[in-house]
$ cat my_file-v7.pdb   # PDB, N, CA and C atoms and all ligand atoms
MODEL        1
ATOM      1  N   MET A   1      30.462  39.631 -25.118
ATOM      2  CA  MET A   1      30.442  39.388 -23.668
ATOM      3  C   MET A   1      30.569  37.905 -23.398
ATOM      4  N   ALA A   2      31.611  37.621 -22.709
ATOM      5  CA  ALA A   2      31.874  36.211 -22.450
ATOM      6  C   ALA A   2      31.111  35.764 -21.214
ATOM      7  N   SER A   3      30.138  34.990 -21.475
ATOM      8  CA  SER A   3      29.406  34.471 -20.317
ATOM      9  C   SER A   3      30.055  33.168 -19.890
ATOM     10  N   PRO A   4      30.562  33.171 -18.683
ATOM     11  CA  PRO A   4      31.261  31.963 -18.227
ATOM     12  C   PRO A   4      30.310  30.780 -18.125
ATOM     13  N   THR A   5      30.753  29.719 -18.697
ATOM     14  CA  THR A   5      29.910  28.521 -18.603
ATOM     15  C   THR A   5      30.373  27.700 -17.410
ATOM     16  N   THR A   6      29.613  27.800 -16.431
ATOM     17  CA  THR A   6      29.943  27.029 -15.232
ATOM     18  C   THR A   6      29.276  25.671 -15.339
ATOM     19  N   THR A   7      30.067  24.726 -15.701
ATOM     20  CA  THR A   7      29.494  23.393 -15.871
ATOM     21  C   THR A   7      29.762  22.560 -14.626
ATOM     22  N   GLY A   8      28.999  22.877 -13.678
ATOM     23  CA  GLY A   8      29.040  22.034 -12.486
ATOM     24  C   GLY A   8      30.274  22.194 -11.632
ATOM     25  N   THR A   9      31.061  23.220 -11.886
ATOM     26  CA  THR A   9      32.234  23.397 -11.046
ATOM     27  C   THR A   9      31.855  24.072  -9.743
ATOM     28  N   ARG A  10      30.834  24.880  -9.857
ATOM     29  CA  ARG A  10      30.407  25.576  -8.649
ATOM     30  C   ARG A  10      29.072  25.039  -8.200
ATOM     31  N   ARG A  11      29.005  24.773  -6.973
ATOM     32  CA  ARG A  11      27.712  24.326  -6.456
ATOM     33  C   ARG A  11      26.912  25.527  -6.007
ATOM     34  N   GLY A  12      25.725  25.578  -6.436
ATOM     35  CA  GLY A  12      24.846  26.671  -6.044
ATOM     36  C   GLY A  12      24.548  26.571  -4.578
ATOM     37  N   PRO A  13      23.868  27.554  -4.095
ATOM     38  CA  PRO A  13      23.491  27.483  -2.684
ATOM     39  C   PRO A  13      22.659  26.224  -2.444
ATOM     40  N   ARG A  14      22.944  25.603  -1.369
ATOM     41  CA  ARG A  14      22.223  24.374  -1.017
ATOM     42  C   ARG A  14      20.722  24.657  -1.046
ATOM     43  N   HIS A  15      20.119  24.151  -2.095
ATOM     44  CA  HIS A  15      18.699  24.495  -2.171
ATOM     45  C   HIS A  15      17.854  23.557  -1.327
ATOM     46  N   LYS A  16      16.761  24.125  -0.948
ATOM     47  CA  LYS A  16      15.869  23.359  -0.085
ATOM     48  C   LYS A  16      15.340  22.150  -0.829
ATOM     49  N   GLN A  17      15.057  21.145  -0.084
ATOM     50  CA  GLN A  17      14.386  19.993  -0.671
ATOM     51  C   GLN A  17      13.099  20.485  -1.296
ATOM     52  N   PRO A  18      12.853  20.047  -2.525
ATOM     53  CA  PRO A  18      11.568  20.434  -3.089
ATOM     54  C   PRO A  18      10.447  19.877  -2.219
ATOM     55  N   GLN A  19       9.473  20.676  -2.014
ATOM     56  CA  GLN A  19       8.358  20.218  -1.192
ATOM     57  C   GLN A  19       7.789  18.928  -1.769
ATOM     58  N   PRO A  20       7.900  17.868  -1.014
ATOM     59  CA  PRO A  20       7.345  16.634  -1.563
ATOM     60  C   PRO A  20       5.836  16.744  -1.640
ATOM     61  N   LYS A  21       5.311  16.145  -2.669
ATOM     62  CA  LYS A  21       3.858  16.121  -2.747
ATOM     63  C   LYS A  21       3.342  15.369  -1.535
ATOM     64  N   ARG A  22       2.256  15.810  -1.063
ATOM     65  CA  ARG A  22       1.645  15.095   0.051
ATOM     66  C   ARG A  22       1.316  13.686  -0.381
ATOM     67  N   VAL A  23       2.028  12.736   0.181
ATOM     68  CA  VAL A  23       1.718  11.351  -0.179
ATOM     69  C   VAL A  23       0.751  10.779   0.835
ATOM     70  N   PRO A  24      -0.318  10.240   0.350
ATOM     71  CA  PRO A  24      -1.235   9.617   1.299
ATOM     72  C   PRO A  24      -0.602   8.371   1.890
ATOM     73  N   LEU A  25      -0.680   8.258   3.184
ATOM     74  CA  LEU A  25      -0.067   7.122   3.867
ATOM     75  C   LEU A  25      -1.143   6.178   4.379
ATOM     76  N   ARG A  26      -0.810   4.935   4.331
ATOM     77  CA  ARG A  26      -1.729   3.931   4.845
ATOM     78  C   ARG A  26      -0.940   2.910   5.651
ATOM     79  N   THR A  27      -1.631   2.255   6.538
ATOM     80  CA  THR A  27      -0.986   1.243   7.366
ATOM     81  C   THR A  27      -1.251  -0.139   6.794
ATOM     82  N   CYS A  28      -0.204  -0.912   6.675
ATOM     83  CA  CYS A  28      -0.366  -2.299   6.253
ATOM     84  C   CYS A  28      -1.055  -3.066   7.378
ATOM     85  N   VAL A  29      -2.121  -3.748   7.032
ATOM     86  CA  VAL A  29      -2.879  -4.472   8.047
ATOM     87  C   VAL A  29      -2.071  -5.642   8.606
ATOM     88  N   GLY A  30      -1.123  -6.131   7.820
ATOM     89  CA  GLY A  30      -0.339  -7.285   8.251
ATOM     90  C   GLY A  30       0.744  -6.932   9.248
ATOM     91  N   CYS A  31       1.570  -5.944   8.912
ATOM     92  CA  CYS A  31       2.731  -5.662   9.761
ATOM     93  C   CYS A  31       2.659  -4.282  10.404
ATOM     94  N   HIS A  32       1.611  -3.551  10.130
ATOM     95  CA  HIS A  32       1.366  -2.245  10.747
ATOM     96  C   HIS A  32       2.416  -1.198  10.402
ATOM     97  N   THR A  33       3.107  -1.397   9.305
ATOM     98  CA  THR A  33       4.032  -0.377   8.854
ATOM     99  C   THR A  33       3.257   0.651   8.041
ATOM    100  N   ILE A  34       3.600   1.900   8.252
ATOM    101  CA  ILE A  34       2.948   2.952   7.488
ATOM    102  C   ILE A  34       3.721   3.180   6.200
ATOM    103  N   GLN A  35       3.027   3.154   5.114
ATOM    104  CA  GLN A  35       3.643   3.244   3.790
ATOM    105  C   GLN A  35       2.857   4.211   2.930
ATOM    106  N   PRO A  36       3.530   4.764   1.929
ATOM    107  CA  PRO A  36       2.743   5.477   0.930
ATOM    108  C   PRO A  36       1.734   4.519   0.312
ATOM    109  N   LYS A  37       0.552   5.019   0.180
ATOM    110  CA  LYS A  37      -0.565   4.211  -0.277
ATOM    111  C   LYS A  37      -0.276   3.423  -1.559
ATOM    112  N   ARG A  38       0.440   4.070  -2.472
ATOM    113  CA  ARG A  38       0.647   3.424  -3.767
ATOM    114  C   ARG A  38       1.567   2.214  -3.696
ATOM    115  N   GLN A  39       2.263   2.067  -2.571
ATOM    116  CA  GLN A  39       3.128   0.893  -2.436
ATOM    117  C   GLN A  39       2.404  -0.271  -1.786
ATOM    118  N   LEU A  40       1.156  -0.054  -1.514
ATOM    119  CA  LEU A  40       0.392  -1.109  -0.869
ATOM    120  C   LEU A  40      -0.701  -1.612  -1.805
ATOM    121  N   VAL A  41      -1.135  -2.821  -1.533
ATOM    122  CA  VAL A  41      -2.232  -3.397  -2.297
ATOM    123  C   VAL A  41      -3.524  -3.080  -1.549
ATOM    124  N   ARG A  42      -4.476  -2.584  -2.277
ATOM    125  CA  ARG A  42      -5.721  -2.215  -1.608
ATOM    126  C   ARG A  42      -6.738  -3.347  -1.696
ATOM    127  N   LEU A  43      -7.396  -3.560  -0.601
ATOM    128  CA  LEU A  43      -8.545  -4.454  -0.577
ATOM    129  C   LEU A  43      -9.748  -3.593  -0.315
ATOM    130  N   VAL A  44     -10.851  -3.999  -0.837
ATOM    131  CA  VAL A  44     -12.040  -3.179  -0.649
ATOM    132  C   VAL A  44     -13.230  -4.047  -0.286
ATOM    133  N   ARG A  45     -14.019  -3.502   0.587
ATOM    134  CA  ARG A  45     -15.297  -4.155   0.872
ATOM    135  C   ARG A  45     -16.326  -3.468  -0.009
ATOM    136  N   THR A  46     -16.867  -4.201  -0.890
ATOM    137  CA  THR A  46     -17.784  -3.609  -1.856
ATOM    138  C   THR A  46     -19.140  -3.332  -1.201
ATOM    139  N   ALA A  47     -19.942  -2.612  -1.925
ATOM    140  CA  ALA A  47     -21.281  -2.291  -1.425
ATOM    141  C   ALA A  47     -22.094  -3.553  -1.181
ATOM    142  N   GLN A  48     -21.738  -4.602  -1.895
ATOM    143  CA  GLN A  48     -22.452  -5.870  -1.716
ATOM    144  C   GLN A  48     -21.975  -6.608  -0.480
ATOM    145  N   GLY A  49     -20.923  -6.080   0.146
ATOM    146  CA  GLY A  49     -20.434  -6.704   1.368
ATOM    147  C   GLY A  49     -19.361  -7.743   1.137
ATOM    148  N   SER A  50     -19.004  -7.967  -0.097
ATOM    149  CA  SER A  50     -17.929  -8.920  -0.357
ATOM    150  C   SER A  50     -16.597  -8.184  -0.366
ATOM    151  N   VAL A  51     -15.540  -8.937  -0.204
ATOM    152  CA  VAL A  51     -14.216  -8.327  -0.124
ATOM    153  C   VAL A  51     -13.425  -8.697  -1.370
ATOM    154  N   ASP A  52     -12.878  -7.697  -1.992
ATOM    155  CA  ASP A  52     -12.161  -7.894  -3.238
ATOM    156  C   ASP A  52     -10.821  -7.206  -3.205
ATOM    157  N   ILE A  53      -9.948  -7.672  -4.074
ATOM    158  CA  ILE A  53      -8.687  -6.962  -4.268
ATOM    159  C   ILE A  53      -8.975  -5.834  -5.252
ATOM    160  N   ASP A  54      -8.440  -4.693  -4.943
ATOM    161  CA  ASP A  54      -8.727  -3.506  -5.753
ATOM    162  C   ASP A  54      -7.432  -3.008  -6.396
ATOM    163  N   PRO A  55      -7.110  -3.544  -7.560
ATOM    164  CA  PRO A  55      -5.811  -3.197  -8.168
ATOM    165  C   PRO A  55      -5.713  -1.722  -8.553
ATOM    166  N   THR A  56      -6.823  -1.091  -8.825
ATOM    167  CA  THR A  56      -6.781   0.315  -9.221
ATOM    168  C   THR A  56      -6.678   1.227  -8.011
ATOM    169  N   GLY A  57      -7.074   0.715  -6.837
ATOM    170  CA  GLY A  57      -7.072   1.537  -5.636
ATOM    171  C   GLY A  57      -8.177   2.561  -5.621
ATOM    172  N   LYS A  58      -9.123   2.409  -6.522
ATOM    173  CA  LYS A  58     -10.146   3.456  -6.652
ATOM    174  C   LYS A  58     -11.555   2.950  -6.440
ATOM    175  N   ALA A  59     -11.677   1.688  -6.138
ATOM    176  CA  ALA A  59     -13.013   1.135  -5.993
ATOM    177  C   ALA A  59     -13.733   1.783  -4.811
ATOM    178  N   GLN A  60     -15.017   1.917  -4.978
ATOM    179  CA  GLN A  60     -15.831   2.465  -3.906
ATOM    180  C   GLN A  60     -15.912   1.462  -2.766
ATOM    181  N   GLY A  61     -15.878   1.959  -1.585
ATOM    182  CA  GLY A  61     -16.049   1.067  -0.449
ATOM    183  C   GLY A  61     -14.939   1.258   0.551
ATOM    184  N   ARG A  62     -15.071   0.597   1.658
ATOM    185  CA  ARG A  62     -14.071   0.718   2.689
ATOM    186  C   ARG A  62     -12.836  -0.080   2.307
ATOM    187  N   GLY A  63     -11.686   0.541   2.427
ATOM    188  CA  GLY A  63     -10.465  -0.121   1.976
ATOM    189  C   GLY A  63      -9.557  -0.538   3.114
ATOM    190  N   ALA A  64      -8.727  -1.491   2.840
ATOM    191  CA  ALA A  64      -7.658  -1.898   3.745
ATOM    192  C   ALA A  64      -6.433  -2.135   2.878
ATOM    193  N   TYR A  65      -5.279  -2.000   3.488
ATOM    194  CA  TYR A  65      -4.056  -2.043   2.692
ATOM    195  C   TYR A  65      -3.087  -3.089   3.204
ATOM    196  N   LEU A  66      -2.428  -3.722   2.254
ATOM    197  CA  LEU A  66      -1.429  -4.735   2.587
ATOM    198  C   LEU A  66      -0.230  -4.589   1.661
ATOM    199  N   HIS A  67       0.938  -4.908   2.204
ATOM    200  CA  HIS A  67       2.125  -4.978   1.371
ATOM    201  C   HIS A  67       1.964  -6.095   0.351
ATOM    202  N   ASN A  68       2.744  -6.013  -0.693
ATOM    203  CA  ASN A  68       2.773  -7.163  -1.598
ATOM    204  C   ASN A  68       3.832  -8.148  -1.106
ATOM    205  N   ARG A  69       3.643  -8.529   0.135
ATOM    206  CA  ARG A  69       4.514  -9.521   0.761
ATOM    207  C   ARG A  69       3.642 -10.609   1.343
ATOM    208  N   ARG A  70       4.007 -11.811   1.071
ATOM    209  CA  ARG A  70       3.188 -12.935   1.506
ATOM    210  C   ARG A  70       2.942 -12.909   3.012
ATOM    211  N   GLU A  71       4.005 -12.595   3.730
ATOM    212  CA  GLU A  71       3.939 -12.576   5.183
ATOM    213  C   GLU A  71       2.796 -11.683   5.688
ATOM    214  N   CYS A  72       2.666 -10.540   5.068
ATOM    215  CA  CYS A  72       1.666  -9.588   5.529
ATOM    216  C   CYS A  72       0.257 -10.116   5.290
ATOM    217  N   TRP A  73       0.067 -10.778   4.180
ATOM    218  CA  TRP A  73      -1.245 -11.348   3.886
ATOM    219  C   TRP A  73      -1.550 -12.460   4.868
ATOM    220  N   GLU A  74      -0.552 -13.277   5.139
ATOM    221  CA  GLU A  74      -0.767 -14.381   6.071
ATOM    222  C   GLU A  74      -1.109 -13.852   7.454
ATOM    223  N   LYS A  75      -0.365 -12.845   7.869
ATOM    224  CA  LYS A  75      -0.617 -12.272   9.193
ATOM    225  C   LYS A  75      -2.011 -11.673   9.275
ATOM    226  N   ALA A  76      -2.350 -10.935   8.254
ATOM    227  CA  ALA A  76      -3.645 -10.272   8.275
ATOM    228  C   ALA A  76      -4.781 -11.273   8.270
ATOM    229  N   LEU A  77      -4.555 -12.402   7.603
ATOM    230  CA  LEU A  77      -5.616 -13.398   7.483
ATOM    231  C   LEU A  77      -5.637 -14.348   8.670
ATOM    232  N   ALA A  78      -4.515 -14.464   9.347
ATOM    233  CA  ALA A  78      -4.442 -15.369  10.486
ATOM    234  C   ALA A  78      -5.223 -14.801  11.670
ATOM    235  N   SER A  79      -5.320 -13.498  11.715
ATOM    236  CA  SER A  79      -6.080 -12.879  12.792
ATOM    237  C   SER A  79      -7.326 -12.249  12.179
ATOM    238  N   SER A  80      -8.002 -11.480  12.972
ATOM    239  CA  SER A  80      -9.166 -10.807  12.403
ATOM    240  C   SER A  80      -8.820  -9.361  12.049
ATOM    241  N   ALA A  81      -7.516  -9.117  11.856
ATOM    242  CA  ALA A  81      -7.078  -7.752  11.568
ATOM    243  C   ALA A  81      -7.755  -7.188  10.326
ATOM    244  N   LEU A  82      -7.854  -8.037   9.342
ATOM    245  CA  LEU A  82      -8.446  -7.575   8.091
ATOM    246  C   LEU A  82      -9.942  -7.309   8.259
ATOM    247  N   ASP A  83     -10.572  -8.178   9.016
ATOM    248  CA  ASP A  83     -12.001  -7.973   9.285
ATOM    249  C   ASP A  83     -12.220  -6.624   9.962
ATOM    250  N   HIS A  84     -11.350  -6.341  10.928
ATOM    251  CA  HIS A  84     -11.463  -5.071  11.642
ATOM    252  C   HIS A  84     -11.238  -3.900  10.701
ATOM    253  N   ALA A  85     -10.197  -4.027   9.893
ATOM    254  CA  ALA A  85      -9.847  -2.927   9.008
ATOM    255  C   ALA A  85     -10.974  -2.648   8.026
ATOM    256  N   LEU A  86     -11.628  -3.704   7.605
ATOM    257  CA  LEU A  86     -12.691  -3.540   6.612
ATOM    258  C   LEU A  86     -14.064  -3.428   7.254
ATOM    259  N   LYS A  87     -14.082  -3.554   8.550
ATOM    260  CA  LYS A  87     -15.352  -3.594   9.269
ATOM    261  C   LYS A  87     -16.310  -4.580   8.599
ATOM    262  N   ALA A  88     -15.777  -5.748   8.391
ATOM    263  CA  ALA A  88     -16.553  -6.788   7.733
ATOM    264  C   ALA A  88     -16.172  -8.124   8.341
ATOM    265  N   THR A  89     -16.986  -9.100   8.112
ATOM    266  CA  THR A  89     -16.614 -10.442   8.519
ATOM    267  C   THR A  89     -16.330 -11.233   7.262
ATOM    268  N   LEU A  90     -15.087 -11.605   7.133
ATOM    269  CA  LEU A  90     -14.715 -12.337   5.932
ATOM    270  C   LEU A  90     -15.205 -13.766   6.020
ATOM    271  N   THR A  91     -15.749 -14.228   4.942
ATOM    272  CA  THR A  91     -16.167 -15.625   4.899
ATOM    273  C   THR A  91     -14.928 -16.491   4.679
ATOM    274  N   GLU A  92     -15.100 -17.768   4.944
ATOM    275  CA  GLU A  92     -13.975 -18.684   4.730
ATOM    276  C   GLU A  92     -13.535 -18.641   3.272
ATOM    277  N   ALA A  93     -14.504 -18.552   2.398
ATOM    278  CA  ALA A  93     -14.187 -18.528   0.968
ATOM    279  C   ALA A  93     -13.350 -17.299   0.626
ATOM    280  N   GLU A  94     -13.719 -16.177   1.229
ATOM    281  CA  GLU A  94     -12.961 -14.950   0.961
ATOM    282  C   GLU A  94     -11.551 -15.031   1.533
ATOM    283  N   ARG A  95     -11.467 -15.563   2.727
ATOM    284  CA  ARG A  95     -10.140 -15.743   3.316
ATOM    285  C   ARG A  95      -9.272 -16.626   2.434
ATOM    286  N   ALA A  96      -9.855 -17.699   1.961
ATOM    287  CA  ALA A  96      -9.095 -18.639   1.131
ATOM    288  C   ALA A  96      -8.646 -17.946  -0.154
ATOM    289  N   ARG A  97      -9.532 -17.141  -0.696
ATOM    290  CA  ARG A  97      -9.206 -16.457  -1.944
ATOM    291  C   ARG A  97      -8.086 -15.438  -1.721
ATOM    292  N   LEU A  98      -8.178 -14.725  -0.628
ATOM    293  CA  LEU A  98      -7.147 -13.725  -0.339
ATOM    294  C   LEU A  98      -5.822 -14.391   0.006
ATOM    295  N   ARG A  99      -5.925 -15.511   0.711
ATOM    296  CA  ARG A  99      -4.697 -16.217   1.065
ATOM    297  C   ARG A  99      -4.000 -16.690  -0.214
ATOM    298  N   ALA A 100      -4.814 -17.201  -1.118
ATOM    299  CA  ALA A 100      -4.259 -17.665  -2.398
ATOM    300  C   ALA A 100      -3.622 -16.492  -3.142
ATOM    301  N   HIS A 101      -4.264 -15.352  -3.059
ATOM    302  CA  HIS A 101      -3.697 -14.172  -3.716
ATOM    303  C   HIS A 101      -2.356 -13.796  -3.080
ATOM    304  N   GLY A 102      -2.323 -13.826  -1.773
ATOM    305  CA  GLY A 102      -1.095 -13.470  -1.064
ATOM    306  C   GLY A 102       0.050 -14.419  -1.365
ATOM    307  N   GLU A 103      -0.305 -15.634  -1.714
ATOM    308  CA  GLU A 103       0.741 -16.625  -1.967
ATOM    309  C   GLU A 103       1.524 -16.357  -3.235
ATOM    310  N   GLN A 104       0.989 -15.512  -4.078
ATOM    311  CA  GLN A 104       1.754 -15.193  -5.290
ATOM    312  C   GLN A 104       2.918 -14.251  -4.975
ATOM    313  N   TYR A 105       2.873 -13.635  -3.805
ATOM    314  CA  TYR A 105       3.948 -12.749  -3.442
ATOM    315  C   TYR A 105       5.029 -13.514  -2.688
ATOM    316  N   SER A 106       6.208 -12.970  -2.689
ATOM    317  CA  SER A 106       7.263 -13.574  -1.899
ATOM    318  C   SER A 106       7.414 -12.753  -0.630
ATOM    319  N   ASN A 107       8.323 -13.170   0.219
ATOM    320  CA  ASN A 107       8.554 -12.410   1.434
ATOM    321  C   ASN A 107       9.670 -11.390   1.257
ATOM    322  N   ASP A 108      10.173 -11.288   0.047
ATOM    323  CA  ASP A 108      11.222 -10.298  -0.194
ATOM    324  C   ASP A 108      10.593  -8.942  -0.405
ATOM    325  N   ASP A 109      11.355  -7.960  -0.100
ATOM    326  CA  ASP A 109      10.849  -6.603  -0.321
ATOM    327  C   ASP A 109      11.005  -6.221  -1.780
TER
HETATM  328 ZN    ZN B   1       3.102  -5.272   5.701
ENDMDL
END

$ encode --input "my_file-v7.pdb" --output "structure tokens" --more "lines below"
Ligand SMILES: [Zn+2]
Amino acid sequence: MASPTTTGTRRGPRHKQPQPKRVPLRTCVGCHTIQPKRQLVRLVRTAQGSVDIDPTGKAQGRGAYLHNRRECWEKALASSALDHALKATLTEAERARLRAHGEQYSNDD
């Protein structure tokens, strides 16, 4: 029995888009764009009340998200947007530290 080998000559019925996994979305505090969480850098307010960068995205505490774009960090730090997002008051030292962190990023996407 000759089974015809259809090597891509025939297109099957247009199949539905595979159901995308539910991606958690977060808003960048700097530019307010909604992005999949994993494309953003997470900041966390720790139980001690200090604000840290959370590279794993899993630290306990209230989180805020920023693009890895310098502009977004500058914007978030120039206003009290980050304070609001974290429901915290950032100290000058923390702002300086975060600003320095943001400076390692470029403004390119
Ligand atoms: Zn942004």

$ closest_residue --input "my_file-v7.pdb" --among "A:Ala78, A:Ala100, A:Cys28, A:Ala93" --to "ligand ZN 1 (chain B)" --atoms "only C-alpha atoms and all ligand atoms"
A:Cys28

$ resolve_selection --input "my_file-v7.pdb" --expression "the PyMOL selection byres (((not hetatm)) within 6.5 of (chain B and resi 1))" --output "count of residues only"
13

$ residues_around --input "my_file-v7.pdb" --residues "Leu25 (chain A)" --least-positions-apart "2" --cutoff "6 Å" --atoms "only C-alpha atoms" --output "list of chain:residue names"
A:Gln35, A:Pro36, A:Lys37

$ atom_distance --input "my_file-v7.pdb" --atom1 "atom N of Thr91 (chain A)" --atom2 "atom C of Pro24 (chain A)"
27.4 Å

$ resolve_selection --input "my_file-v7.pdb" --expression "the PyMOL selection byres (((chain A and resi 54) around 6.5) and not hetatm)" --output "PyMOL selection string"
chain A and resi 41-44+52-53+55-59

$ write_last_selection --input "my_file-v7.pdb" --atoms "N, CA and C atoms" --output "PDB file, keeping the file's coordinate frame"
ATOM      1  N   VAL A  41      -1.135  -2.821  -1.533  1.00  0.00           N
ATOM      2  CA  VAL A  41      -2.232  -3.397  -2.297  1.00  0.00           C
ATOM      3  C   VAL A  41      -3.524  -3.080  -1.549  1.00  0.00           C
ATOM      4  N   ARG A  42      -4.476  -2.584  -2.277  1.00  0.00           N
ATOM      5  CA  ARG A  42      -5.721  -2.215  -1.608  1.00  0.00           C
ATOM      6  C   ARG A  42      -6.738  -3.347  -1.696  1.00  0.00           C
ATOM      7  N   LEU A  43      -7.396  -3.560  -0.601  1.00  0.00           N
ATOM      8  CA  LEU A  43      -8.545  -4.454  -0.577  1.00  0.00           C
ATOM      9  C   LEU A  43      -9.748  -3.593  -0.315  1.00  0.00           C
ATOM     10  N   VAL A  44     -10.851  -3.999  -0.837  1.00  0.00           N
ATOM     11  CA  VAL A  44     -12.040  -3.179  -0.649  1.00  0.00           C
ATOM     12  C   VAL A  44     -13.230  -4.047  -0.286  1.00  0.00           C
ATOM     13  N   ASP A  52     -12.878  -7.697  -1.992  1.00  0.00           N
ATOM     14  CA  ASP A  52     -12.161  -7.894  -3.238  1.00  0.00           C
ATOM     15  C   ASP A  52     -10.821  -7.206  -3.205  1.00  0.00           C
ATOM     16  N   ILE A  53      -9.948  -7.672  -4.074  1.00  0.00           N
ATOM     17  CA  ILE A  53      -8.687  -6.962  -4.268  1.00  0.00           C
ATOM     18  C   ILE A  53      -8.975  -5.834  -5.252  1.00  0.00           C
ATOM     19  N   PRO A  55      -7.110  -3.544  -7.560  1.00  0.00           N
ATOM     20  CA  PRO A  55      -5.811  -3.197  -8.168  1.00  0.00           C
ATOM     21  C   PRO A  55      -5.713  -1.722  -8.553  1.00  0.00           C
ATOM     22  N   THR A  56      -6.823  -1.091  -8.825  1.00  0.00           N
ATOM     23  CA  THR A  56      -6.781   0.315  -9.221  1.00  0.00           C
ATOM     24  C   THR A  56      -6.678   1.227  -8.011  1.00  0.00           C
ATOM     25  N   GLY A  57      -7.074   0.715  -6.837  1.00  0.00           N
ATOM     26  CA  GLY A  57      -7.072   1.537  -5.636  1.00  0.00           C
ATOM     27  C   GLY A  57      -8.177   2.561  -5.621  1.00  0.00           C
ATOM     28  N   LYS A  58      -9.123   2.409  -6.522  1.00  0.00           N
ATOM     29  CA  LYS A  58     -10.146   3.456  -6.652  1.00  0.00           C
ATOM     30  C   LYS A  58     -11.555   2.950  -6.440  1.00  0.00           C
ATOM     31  N   ALA A  59     -11.677   1.688  -6.138  1.00  0.00           N
ATOM     32  CA  ALA A  59     -13.013   1.135  -5.993  1.00  0.00           C
ATOM     33  C   ALA A  59     -13.733   1.783  -4.811  1.00  0.00           C
TER      34      ALA A  59
END

$ select_by_dssp --input "my_file-v7.pdb" --residues "chain A" --states "helix (DSSP H, G or I)" --output "list in words"
Lys37, Arg38, Gln39, Arg70, Glu71, Cys72, Trp73, Glu74, Lys75, Ala76, Leu77, Ala78, Ala81, Leu82, Asp83, His84, Ala85, Leu86, Glu92, Ala93, Glu94, Arg95, Ala96, Arg97, Leu98, Arg99, Ala100, His101 and Gly102 of chain A

$ atom_distance --input "my_file-v7.pdb" --atom1 "CA of Leu82 (chain A)" --atom2 "CA of Ser50 (chain A)"
12.8 Å

$ axis_aligned_box --input "my_file-v7.pdb" --around "region 50-59 of chain A" --padding-each-side "5 Å" --output "JSON"
{"center_x": -12.4, "center_y": -2.7, "center_z": -4.7, "size_x": 23.3, "size_y": 22.4, "size_z": 19.1}

$ closest_residue --input "my_file-v7.pdb" --among "A:Gln48, A:Gln60, A:Leu77, A:Tyr65" --to "Arg99 (chain A)" --atoms "all atoms listed in the file"
A:Leu77

$ atom_distance --input "my_file-v7.pdb" --atom1 "CA of Ser106 (chain A)" --atom2 "CA of Arg22 (chain A)"
29.3 Å

$ closest_residue --input "my_file-v7.pdb" --among "A:Glu94, A:Ala88, A:Glu74, A:Asp108" --to "Arg45 (chain A)" --atoms "all atoms listed in the file"
A:Ala88
